[in-house]
Amino acid sequence: MDPYRFVKQEPYKLYIDGVFVESESKETFDVINPVNNQPFAKAYKGRTSDLNRAIAAARRAYDEGPWGKMSAKERSKLLLKAGQLLAARAEEFAVTETLECGKLYMSALYYESQMAVDAFEFFAGKARCLEGKVVPCEAGHLNYVLWQPCGVVGEILPWNGPFMMGCQKVCAILAAGNTVVIKPSSWGSLSMMLLMEIFHEAGFPAGVVNLVTGSGAEIGDALVKSPLVDMVSMTGGTETGKNIIGVSKDTVKDIALELGGKSPNIVFDDVDVDEVVKWARFGFTLNSGQVCVSGTRLILHKSIYEEFLTKLKAECEKFVPGDGFDYMNGVNFSTLISKSHAQSVWNYIESGKKEGARLITGGVPYTDPVLQKGNFVPPTVFADVRTDMTIFQEEIFGPVLCVTPFETEEEALAIANGTEYGLAGGVFSKNIKRALRVAEKIKGGQIYVNTYFSKGMIESPGTGWKQSGIGVAGIQKYMISKTVFVDLIDGSLPPV
Ligand code: NAD
């Protein structure tokens, strides 16, 4: 298969007010394949003037256009049609995401693309099930509560799963009845740019969906500052989220933030070690650790500690790193997104060594010259990681696991809850009472018991606790409540 056959020769365009356009400045940026750091496509780079046109279009489409006047059923049907168009082009999207983000192609094709199509189907259904409620109130009155769209939503996306995640967010935003301006990450723009063709072909009215590429510091910041944008949803790092909180204060903007994580994975001594070793490995190496909910802190019972580490080392060393398209040769471990991100992961690895953590496996670059062209970091396991170490406290966002021993349940929980993050967590034990007790006490929005990773990503809320985010995921975060009181009795005005 030649993946480059799907790549456009001309620069990928912005999508504003129902039209594919060059940026006003005509500036472009190179799109780079992280497997070899070679540019393979170009895309137009948006600037503030492009963004302002996109916001104005989204505003018009919401305030005056057909979108606001459509029934939920009509919006739902458009989403369903778009989902069908996307399903027919799943291969092209999976190839694009693999090329740009260094994914494993099989995973991009059979998981992420399917989940992206599923988002269209799920939210098409959801659009028709939105409900309000009637609340008992003073006699002679009716009180009902409506959930209405926020209006114009700015959606700022990260690079680690832009296609699947982008579809999940944008479909929820549209199903709720909003219009949207999408700002993809500069490291993961193409799949969303391509997705605009799907919305266009499906017949979404002009201005309902818009996309402007560009830097976070300019385009992301301007989206948050704009008084014409009613709500901003951002998925990304905690520092970026803090920035947005600060900037959003001037417009008191409604914000939803899905931020970083440093999730604990607690393993008790009654488990089947061979099986749980594989779960632990899966938990921190999926997408080379570039997953927000990765189980990057293994909290391991002392009595199985050394046996587990020996088996984990052996499992990690089985990975075959390489180009995600090279699945026929067993490649099952992918590259990191960029040179700079890989460098940041290497800096953390050096800090782990300096701070005295015990290196079990990985921790040194691959020597294969082909791999050296990309941004590969091998699965790296540090044992005896203390809670005061930088690698324990900070999100690394790469395939680096920190292992810390424990003896008692209380100790395990104290270690698990000992960071500023609260995104997710795992617990493995055959003692189900203990497992559920611990699940209840882990401070995080999504907990896995005897498994790892979500089994209902769009059906079930994934909420960031502590510094991992603000706002419950799902359609409700793109809606705002309105309570209405109705007088049912003539002449009920109270005497003055
Ligand atoms: P990032 O914070 O660098 O960028 C995220 C987005 O924000 C990008 O589009 C970027 O351009 C934009 N941005 C940057 N500065 C901005 C600013 N000042 N104002 C507005 N927007 C700005 O994150 P990333 O490196 O793209 O993604 C990795 C991070 O995302 C990790 O921390 C990961 O945990 C997190 N993440 C969280 C979830 C979740 O559901 N909680 C899911 C995926 C990724």
# chains A, B, ... in the order shown; residues from 1 in each chain; ligands from 1
>>> residues_near_ligand(ligand="ligand 1", cutoff="8 Å", atoms="only C-alpha atoms and all ligand atoms", output="ChimeraX atom specification")
/A:156-161,165,183-187,214-224,234-241,243-244,257-261,290-293,395,397,423,462-464,468-469
>>> write_last_selection(atoms="C-alpha atoms", output="short mmCIF file (atom, residue, chain, number, x, y, z; two decimals), in the first residue's frame")
data_model
loop_
_atom_site.label_atom_id
_atom_site.label_comp_id
_atom_site.auth_asym_id
_atom_site.auth_seq_id
_atom_site.Cartn_x
_atom_site.Cartn_y
_atom_site.Cartn_z
CA ILE A 156 -9.20 23.53 20.67
CA LEU A 157 -7.72 20.09 20.02
CA PRO A 158 -4.48 18.27 20.96
CA TRP A 159 -2.31 16.19 18.65
CA ASN A 160 -2.43 12.80 20.35
CA GLY A 161 -5.70 11.56 18.84
CA MET A 165 -11.19 12.95 19.68
CA LYS A 183 -8.56 24.95 16.16
CA PRO A 184 -6.55 21.76 15.68
CA SER A 185 -3.05 21.32 17.04
CA SER A 186 -0.27 22.25 14.65
CA TRP A 187 1.05 18.68 15.13
CA GLY A 214 -2.50 28.08 13.59
CA SER A 215 -0.60 28.43 16.79
CA GLY A 216 -2.15 28.15 20.21
CA ALA A 217 -0.57 31.42 21.27
CA GLU A 218 -2.35 33.28 18.46
CA ILE A 219 -5.43 31.38 17.27
CA GLY A 220 -6.22 29.49 20.49
CA ASP A 221 -5.75 32.61 22.56
CA ALA A 222 -7.90 34.74 20.24
CA LEU A 223 -10.70 32.14 20.32
CA VAL A 224 -10.74 32.31 24.11
CA MET A 234 -9.93 22.63 25.10
CA THR A 235 -8.17 19.31 25.40
CA GLY A 236 -4.48 19.62 26.12
CA GLY A 237 -1.87 20.15 28.78
CA THR A 238 -2.59 21.52 32.24
CA GLU A 239 -0.36 24.58 31.75
CA THR A 240 -2.32 25.50 28.59
CA GLY A 241 -5.53 25.01 30.56
CA ASN A 243 -3.56 29.94 30.64
CA ILE A 244 -7.06 29.64 29.23
CA LEU A 257 -10.94 21.71 29.97
CA GLU A 258 -9.71 18.15 29.54
CA LEU A 259 -6.14 18.30 30.74
CA GLY A 260 -3.12 16.22 31.67
CA GLY A 261 -2.85 13.11 33.78
CA GLN A 290 0.80 9.62 24.42
CA VAL A 291 -2.59 9.00 26.00
CA CYS A 292 -3.94 11.32 28.68
CA VAL A 293 -5.25 8.47 30.89
CA GLU A 395 3.19 14.23 33.20
CA PHE A 397 3.40 11.90 27.99
CA LEU A 423 -7.71 12.04 35.52
CA GLY A 462 -14.52 11.12 31.77
CA THR A 463 -14.09 14.02 34.13
CA GLY A 464 -10.78 15.52 35.14
CA SER A 468 -6.81 17.35 35.21
CA GLY A 469 -9.70 19.45 34.05
#
>>> select_by_dssp(residues="region 141-207 of chain A", states="strand (DSSP E or B)", output="PyMOL selection string")
chain A and resi 141-149+152-156+179-183
>>> write_last_selection(atoms="N, CA and C atoms", output="short mmCIF file (atom, residue, chain, number, x, y, z; two decimals), in the first residue's frame")
data_model
loop_
_atom_site.label_atom_id
_atom_site.label_comp_id
_atom_site.auth_asym_id
_atom_site.auth_seq_id
_atom_site.Cartn_x
_atom_site.Cartn_y
_atom_site.Cartn_z
N HIS A 141 -48.32 27.71 39.41
CA HIS A 141 -47.23 28.03 38.48
C HIS A 141 -46.66 26.76 37.88
N LEU A 142 -46.10 26.93 36.72
CA LEU A 142 -45.37 25.84 36.07
C LEU A 142 -43.90 26.26 35.97
N ASN A 143 -43.04 25.36 36.32
CA ASN A 143 -41.60 25.64 36.17
C ASN A 143 -40.99 24.52 35.34
N TYR A 144 -40.44 24.91 34.20
CA TYR A 144 -39.72 23.89 33.41
C TYR A 144 -38.29 24.37 33.14
N VAL A 145 -37.41 23.39 32.95
CA VAL A 145 -36.00 23.67 32.72
C VAL A 145 -35.62 23.16 31.34
N LEU A 146 -35.06 24.06 30.55
CA LEU A 146 -34.60 23.70 29.19
C LEU A 146 -33.09 23.61 29.20
N TRP A 147 -32.56 22.74 28.36
CA TRP A 147 -31.11 22.76 28.09
C TRP A 147 -30.93 23.27 26.67
N GLN A 148 -30.29 24.40 26.54
CA GLN A 148 -30.13 25.02 25.23
C GLN A 148 -28.66 25.00 24.81
N PRO A 149 -28.40 25.13 23.51
CA PRO A 149 -27.00 25.19 23.07
C PRO A 149 -26.31 26.42 23.65
N VAL A 152 -21.96 29.76 19.95
CA VAL A 152 -20.75 29.51 19.15
C VAL A 152 -19.70 28.89 20.08
N VAL A 153 -19.23 27.71 19.71
CA VAL A 153 -18.24 27.02 20.55
C VAL A 153 -16.88 27.01 19.83
N GLY A 154 -15.83 27.32 20.57
CA GLY A 154 -14.47 27.17 20.07
C GLY A 154 -13.93 25.84 20.57
N GLU A 155 -13.48 24.99 19.67
CA GLU A 155 -12.96 23.67 20.08
C GLU A 155 -11.46 23.61 19.78
N ILE A 156 -10.66 23.55 20.82
CA ILE A 156 -9.20 23.53 20.67
C ILE A 156 -8.72 22.11 20.94
N THR A 179 -22.91 26.05 16.84
CA THR A 179 -22.00 26.09 15.70
C THR A 179 -20.58 26.06 16.28
N VAL A 180 -19.59 25.80 15.44
CA VAL A 180 -18.27 25.54 16.00
C VAL A 180 -17.15 26.12 15.14
N VAL A 181 -16.12 26.59 15.83
CA VAL A 181 -14.85 26.94 15.18
C VAL A 181 -13.80 26.02 15.77
N ILE A 182 -13.19 25.21 14.90
CA ILE A 182 -12.22 24.21 15.38
C ILE A 182 -10.81 24.76 15.20
N LYS A 183 -9.99 24.60 16.26
CA LYS A 183 -8.56 24.95 16.16
C LYS A 183 -7.78 23.69 16.46
#
>>> residues_around(residues="Lys311 (chain A)", least_positions_apart="5", cutoff="9 Å", atoms="only C-alpha atoms", output="PyMOL selection string")
chain A and resi 273-274+277+306+316
>>> write_last_selection(atoms="all heavy atoms", output="compact mmCIF listing (two decimals), in the first residue's frame")
# COMPACT_ATOMS: atom_id res chain seq x y z
N VAL A 273 0.00 -12.70 38.17
CA VAL A 273 1.08 -11.77 37.79
C VAL A 273 1.29 -11.73 36.27
O VAL A 273 1.39 -10.66 35.68
CB VAL A 273 2.39 -12.14 38.53
CG1 VAL A 273 3.57 -11.33 37.97
CG2 VAL A 273 2.25 -11.86 40.02
N ASP A 274 1.31 -12.90 35.64
CA ASP A 274 1.57 -12.93 34.19
C ASP A 274 0.56 -12.09 33.42
O ASP A 274 0.91 -11.38 32.48
CB ASP A 274 1.53 -14.37 33.67
CG ASP A 274 2.72 -15.16 34.20
OD1 ASP A 274 3.81 -14.58 34.32
OD2 ASP A 274 2.53 -16.35 34.53
N VAL A 277 0.85 -8.16 34.40
CA VAL A 277 2.05 -7.57 33.78
C VAL A 277 1.67 -7.04 32.39
O VAL A 277 2.06 -5.93 32.00
CB VAL A 277 3.18 -8.62 33.68
CG1 VAL A 277 4.19 -8.24 32.62
CG2 VAL A 277 3.87 -8.79 35.03
N GLU A 306 9.64 -7.78 42.77
CA GLU A 306 10.76 -8.15 41.88
C GLU A 306 10.31 -9.12 40.79
O GLU A 306 10.73 -9.00 39.64
CB GLU A 306 11.93 -8.75 42.68
CG GLU A 306 12.63 -7.73 43.61
CD GLU A 306 13.16 -6.47 42.89
OE1 GLU A 306 13.49 -6.55 41.70
OE2 GLU A 306 13.22 -5.41 43.54
N CYS A 316 8.19 -5.79 27.93
CA CYS A 316 8.50 -4.52 27.26
C CYS A 316 9.51 -4.74 26.14
O CYS A 316 9.46 -4.07 25.11
CB CYS A 316 9.04 -3.49 28.25
SG CYS A 316 7.77 -2.86 29.34
>>> select_by_dssp(residues="region 127-236 of chain A", states="alpha helix (DSSP H)", output="VMD selection string")
chain A and resid 127 162 to 175 190 to 202 221 to 225
>>> write_last_selection(atoms="N, CA, C and O atoms", output="compact mmCIF listing (two decimals), in the first residue's frame")
# COMPACT_ATOMS: atom_id res chain seq x y z
N ALA A 127 -28.81 13.69 19.73
CA ALA A 127 -29.45 14.96 19.37
C ALA A 127 -30.97 14.86 19.52
O ALA A 127 -31.64 15.85 19.81
N PRO A 162 -6.16 13.36 17.29
CA PRO A 162 -6.99 14.46 16.79
C PRO A 162 -8.22 14.00 16.01
O PRO A 162 -9.28 14.62 16.12
N PHE A 163 -8.10 12.90 15.29
CA PHE A 163 -9.22 12.45 14.46
C PHE A 163 -10.37 11.94 15.32
O PHE A 163 -11.49 12.47 15.29
N MET A 164 -10.07 10.92 16.13
CA MET A 164 -11.12 10.32 16.95
C MET A 164 -11.68 11.34 17.95
O MET A 164 -12.89 11.54 18.06
N MET A 165 -10.77 12.00 18.65
CA MET A 165 -11.19 12.95 19.68
C MET A 165 -11.93 14.12 19.05
O MET A 165 -12.94 14.59 19.55
N GLY A 166 -11.38 14.59 17.91
CA GLY A 166 -12.01 15.72 17.23
C GLY A 166 -13.44 15.38 16.83
O GLY A 166 -14.36 16.18 17.02
N CYS A 167 -13.65 14.18 16.29
CA CYS A 167 -15.01 13.78 15.89
C CYS A 167 -15.93 13.71 17.11
O CYS A 167 -17.08 14.15 17.07
N GLN A 168 -15.39 13.16 18.20
CA GLN A 168 -16.23 13.04 19.40
C GLN A 168 -16.68 14.41 19.91
O GLN A 168 -17.83 14.63 20.26
N LYS A 169 -15.74 15.36 19.93
CA LYS A 169 -16.09 16.70 20.45
C LYS A 169 -17.02 17.42 19.48
O LYS A 169 -18.03 17.99 19.89
N VAL A 170 -16.64 17.44 18.20
CA VAL A 170 -17.40 18.25 17.23
C VAL A 170 -18.82 17.70 17.08
O VAL A 170 -19.79 18.46 17.00
N CYS A 171 -18.96 16.37 17.07
CA CYS A 171 -20.31 15.80 16.95
C CYS A 171 -21.17 16.17 18.16
O CYS A 171 -22.36 16.48 18.02
N ALA A 172 -20.58 16.15 19.35
CA ALA A 172 -21.33 16.53 20.55
C ALA A 172 -21.76 18.00 20.46
O ALA A 172 -22.90 18.35 20.78
N ILE A 173 -20.84 18.83 20.03
CA ILE A 173 -21.12 20.27 19.91
C ILE A 173 -22.28 20.52 18.94
O ILE A 173 -23.21 21.29 19.23
N LEU A 174 -22.25 19.83 17.80
CA LEU A 174 -23.29 20.04 16.78
C LEU A 174 -24.62 19.43 17.21
O LEU A 174 -25.68 20.01 17.00
N ALA A 175 -24.54 18.25 17.82
CA ALA A 175 -25.78 17.60 18.26
C ALA A 175 -26.50 18.47 19.29
O ALA A 175 -27.74 18.49 19.34
N LEU A 190 -4.26 17.60 9.93
CA LEU A 190 -4.78 17.13 8.64
C LEU A 190 -6.11 16.39 8.72
O LEU A 190 -6.99 16.61 7.88
N SER A 191 -6.26 15.49 9.69
CA SER A 191 -7.50 14.71 9.70
C SER A 191 -8.71 15.61 9.90
O SER A 191 -9.77 15.40 9.28
N MET A 192 -8.56 16.65 10.73
CA MET A 192 -9.68 17.58 10.92
C MET A 192 -9.90 18.42 9.67
O MET A 192 -11.04 18.73 9.30
N MET A 193 -8.82 18.76 8.98
CA MET A 193 -8.98 19.54 7.74
C MET A 193 -9.72 18.70 6.69
O MET A 193 -10.58 19.19 5.98
N LEU A 194 -9.38 17.42 6.67
CA LEU A 194 -10.04 16.49 5.75
C LEU A 194 -11.52 16.29 6.15
O LEU A 194 -12.40 16.16 5.29
N LEU A 195 -11.74 16.31 7.44
CA LEU A 195 -13.12 16.09 7.93
C LEU A 195 -14.06 17.19 7.42
O LEU A 195 -15.26 16.96 7.28
N MET A 196 -13.51 18.36 7.15
CA MET A 196 -14.36 19.45 6.66
C MET A 196 -15.01 19.07 5.34
O MET A 196 -16.11 19.50 5.02
N GLU A 197 -14.33 18.23 4.55
CA GLU A 197 -14.92 17.78 3.27
C GLU A 197 -16.17 16.93 3.54
O GLU A 197 -17.12 16.94 2.76
N ILE A 198 -16.11 16.20 4.64
CA ILE A 198 -17.27 15.35 5.00
C ILE A 198 -18.47 16.23 5.37
O ILE A 198 -19.59 16.01 4.90
N PHE A 199 -18.23 17.24 6.20
CA PHE A 199 -19.34 18.13 6.59
C PHE A 199 -19.89 18.85 5.35
O PHE A 199 -21.09 19.04 5.21
N HIS A 200 -18.96 19.25 4.48
CA HIS A 200 -19.35 19.98 3.27
C HIS A 200 -20.24 19.10 2.39
O HIS A 200 -21.32 19.51 1.98
N GLU A 201 -19.76 17.89 2.15
CA GLU A 201 -20.49 16.98 1.26
C GLU A 201 -21.83 16.56 1.87
O GLU A 201 -22.82 16.36 1.15
N ALA A 202 -21.86 16.45 3.19
CA ALA A 202 -23.11 16.03 3.85
C ALA A 202 -24.17 17.13 3.78
O ALA A 202 -25.35 16.86 3.99
N ASP A 221 -5.58 31.48 21.65
CA ASP A 221 -5.75 32.61 22.56
C ASP A 221 -6.87 33.54 22.09
O ASP A 221 -7.72 33.97 22.88
N ALA A 222 -6.89 33.82 20.78
CA ALA A 222 -7.90 34.74 20.24
C ALA A 222 -9.30 34.13 20.33
O ALA A 222 -10.28 34.85 20.56
N LEU A 223 -9.39 32.81 20.18
CA LEU A 223 -10.70 32.14 20.32
C LEU A 223 -11.23 32.34 21.74
O LEU A 223 -12.42 32.62 21.94
N VAL A 224 -10.32 32.19 22.70
CA VAL A 224 -10.74 32.31 24.11
C VAL A 224 -11.12 33.76 24.41
O VAL A 224 -12.08 34.03 25.13
N LYS A 225 -10.38 34.70 23.82
CA LYS A 225 -10.64 36.12 24.13
C LYS A 225 -11.89 36.67 23.44
O LYS A 225 -12.47 37.63 23.92
>>> residues_around(residues="Gln9 (chain A)", least_positions_apart="6", cutoff="12 Å", atoms="only C-alpha atoms", output="tab-separated table (two decimals) with N, CA, C and O atoms, in the first residue's frame")
chain	number	residue	atom	x	y	z
A	40	PHE	N	5.70	15.82	4.39
A	40	PHE	CA	5.02	15.09	3.31
A	40	PHE	C	3.82	15.84	2.77
A	40	PHE	O	3.20	15.41	1.80
A	41	ALA	N	3.46	16.95	3.39
A	41	ALA	CA	2.32	17.74	2.90
A	41	ALA	C	2.48	19.16	3.42
A	41	ALA	O	3.34	19.44	4.28
A	42	LYS	N	1.64	20.05	2.89
A	42	LYS	CA	1.62	21.43	3.38
A	42	LYS	C	0.19	21.78	3.75
A	42	LYS	O	-0.76	21.24	3.16
A	43	ALA	N	0.07	22.70	4.69
A	43	ALA	CA	-1.27	23.18	5.06
A	43	ALA	C	-1.20	24.68	5.26
A	43	ALA	O	-0.15	25.21	5.66
>>> atom_distance(atom1="CA of Gly330 (chain A)", atom2="CA of Ala88 (chain A)")
27.1 Å
>>> closest_residue(among="A:Asn332, A:Ile299, A:Leu130, A:Tyr305", to="Glu410 (chain A)", atoms="only C-alpha atoms")
A:Ile299
>>> closest_residue(among="A:Gly68, A:Gly426, A:Pro495, A:Gly444", to="Phe268 (chain A)", atoms="only C-alpha atoms")
A:Gly426
>>> closest_residue(among="A:Ser233, A:Thr451, A:Thr98, A:Asn210", to="Trp279 (chain A)", atoms="only C-alpha atoms")
A:Thr451
>>> closest_residue(among="A:Thr96, A:Gln393, A:Gln476, A:Thr285", to="Tyr348 (chain A)", atoms="only C-alpha atoms")
A:Gln393
>>> atom_distance(atom1="CA of Lys103 (chain A)", atom2="CA of Leu309 (chain A)")
27.3 Å
>>> closest_residue(among="A:Ile255, A:Leu79, A:Gly356, A:Ser338", to="Ala473 (chain A)", atoms="only C-alpha atoms")
A:Ile255
>>> closest_residue(among="A:Gln84, A:Lys353, A:Glu91, A:Val247", to="Asp2 (chain A)", atoms="only C-alpha atoms")
A:Glu91
>>> residues_around(residues="Ser71 (chain A)", least_positions_apart="4", cutoff="10 Å", atoms="only C-alpha atoms", output="list in words")
Pro66, Trp67, Arg75, Ser76, Ala127, Arg128 and Gly177 of chain A
>>> write_last_selection(atoms="N, CA and C atoms", output="PDB file, in the first residue's frame")
ATOM      1  N   PRO A  66     -29.760  28.875   9.172  1.00  0.00           N
ATOM      2  CA  PRO A  66     -30.744  27.786   9.271  1.00  0.00           C
ATOM      3  C   PRO A  66     -30.497  26.838  10.440  1.00  0.00           C
ATOM      4  N   TRP A  67     -29.263  26.824  10.936  1.00  0.00           N
ATOM      5  CA  TRP A  67     -28.932  25.831  11.970  1.00  0.00           C
ATOM      6  C   TRP A  67     -29.836  25.962  13.192  1.00  0.00           C
ATOM      7  N   ARG A  75     -30.959  17.997  12.332  1.00  0.00           N
ATOM      8  CA  ARG A  75     -29.513  18.005  12.660  1.00  0.00           C
ATOM      9  C   ARG A  75     -28.997  16.571  12.780  1.00  0.00           C
ATOM     10  N   SER A  76     -29.820  15.740  13.392  1.00  0.00           N
ATOM     11  CA  SER A  76     -29.445  14.344  13.588  1.00  0.00           C
ATOM     12  C   SER A  76     -29.229  13.651  12.242  1.00  0.00           C
ATOM     13  N   ALA A 127     -28.806  13.691  19.730  1.00  0.00           N
ATOM     14  CA  ALA A 127     -29.454  14.960  19.366  1.00  0.00           C
ATOM     15  C   ALA A 127     -30.967  14.863  19.523  1.00  0.00           C
ATOM     16  N   ARG A 128     -31.502  13.663  19.337  1.00  0.00           N
ATOM     17  CA  ARG A 128     -32.960  13.489  19.396  1.00  0.00           C
ATOM     18  C   ARG A 128     -33.450  13.067  20.766  1.00  0.00           C
ATOM     19  N   GLY A 177     -26.647  21.545  19.146  1.00  0.00           N
ATOM     20  CA  GLY A 177     -27.267  22.676  18.443  1.00  0.00           C
ATOM     21  C   GLY A 177     -26.368  23.887  18.304  1.00  0.00           C
TER      22      GLY A 177
END
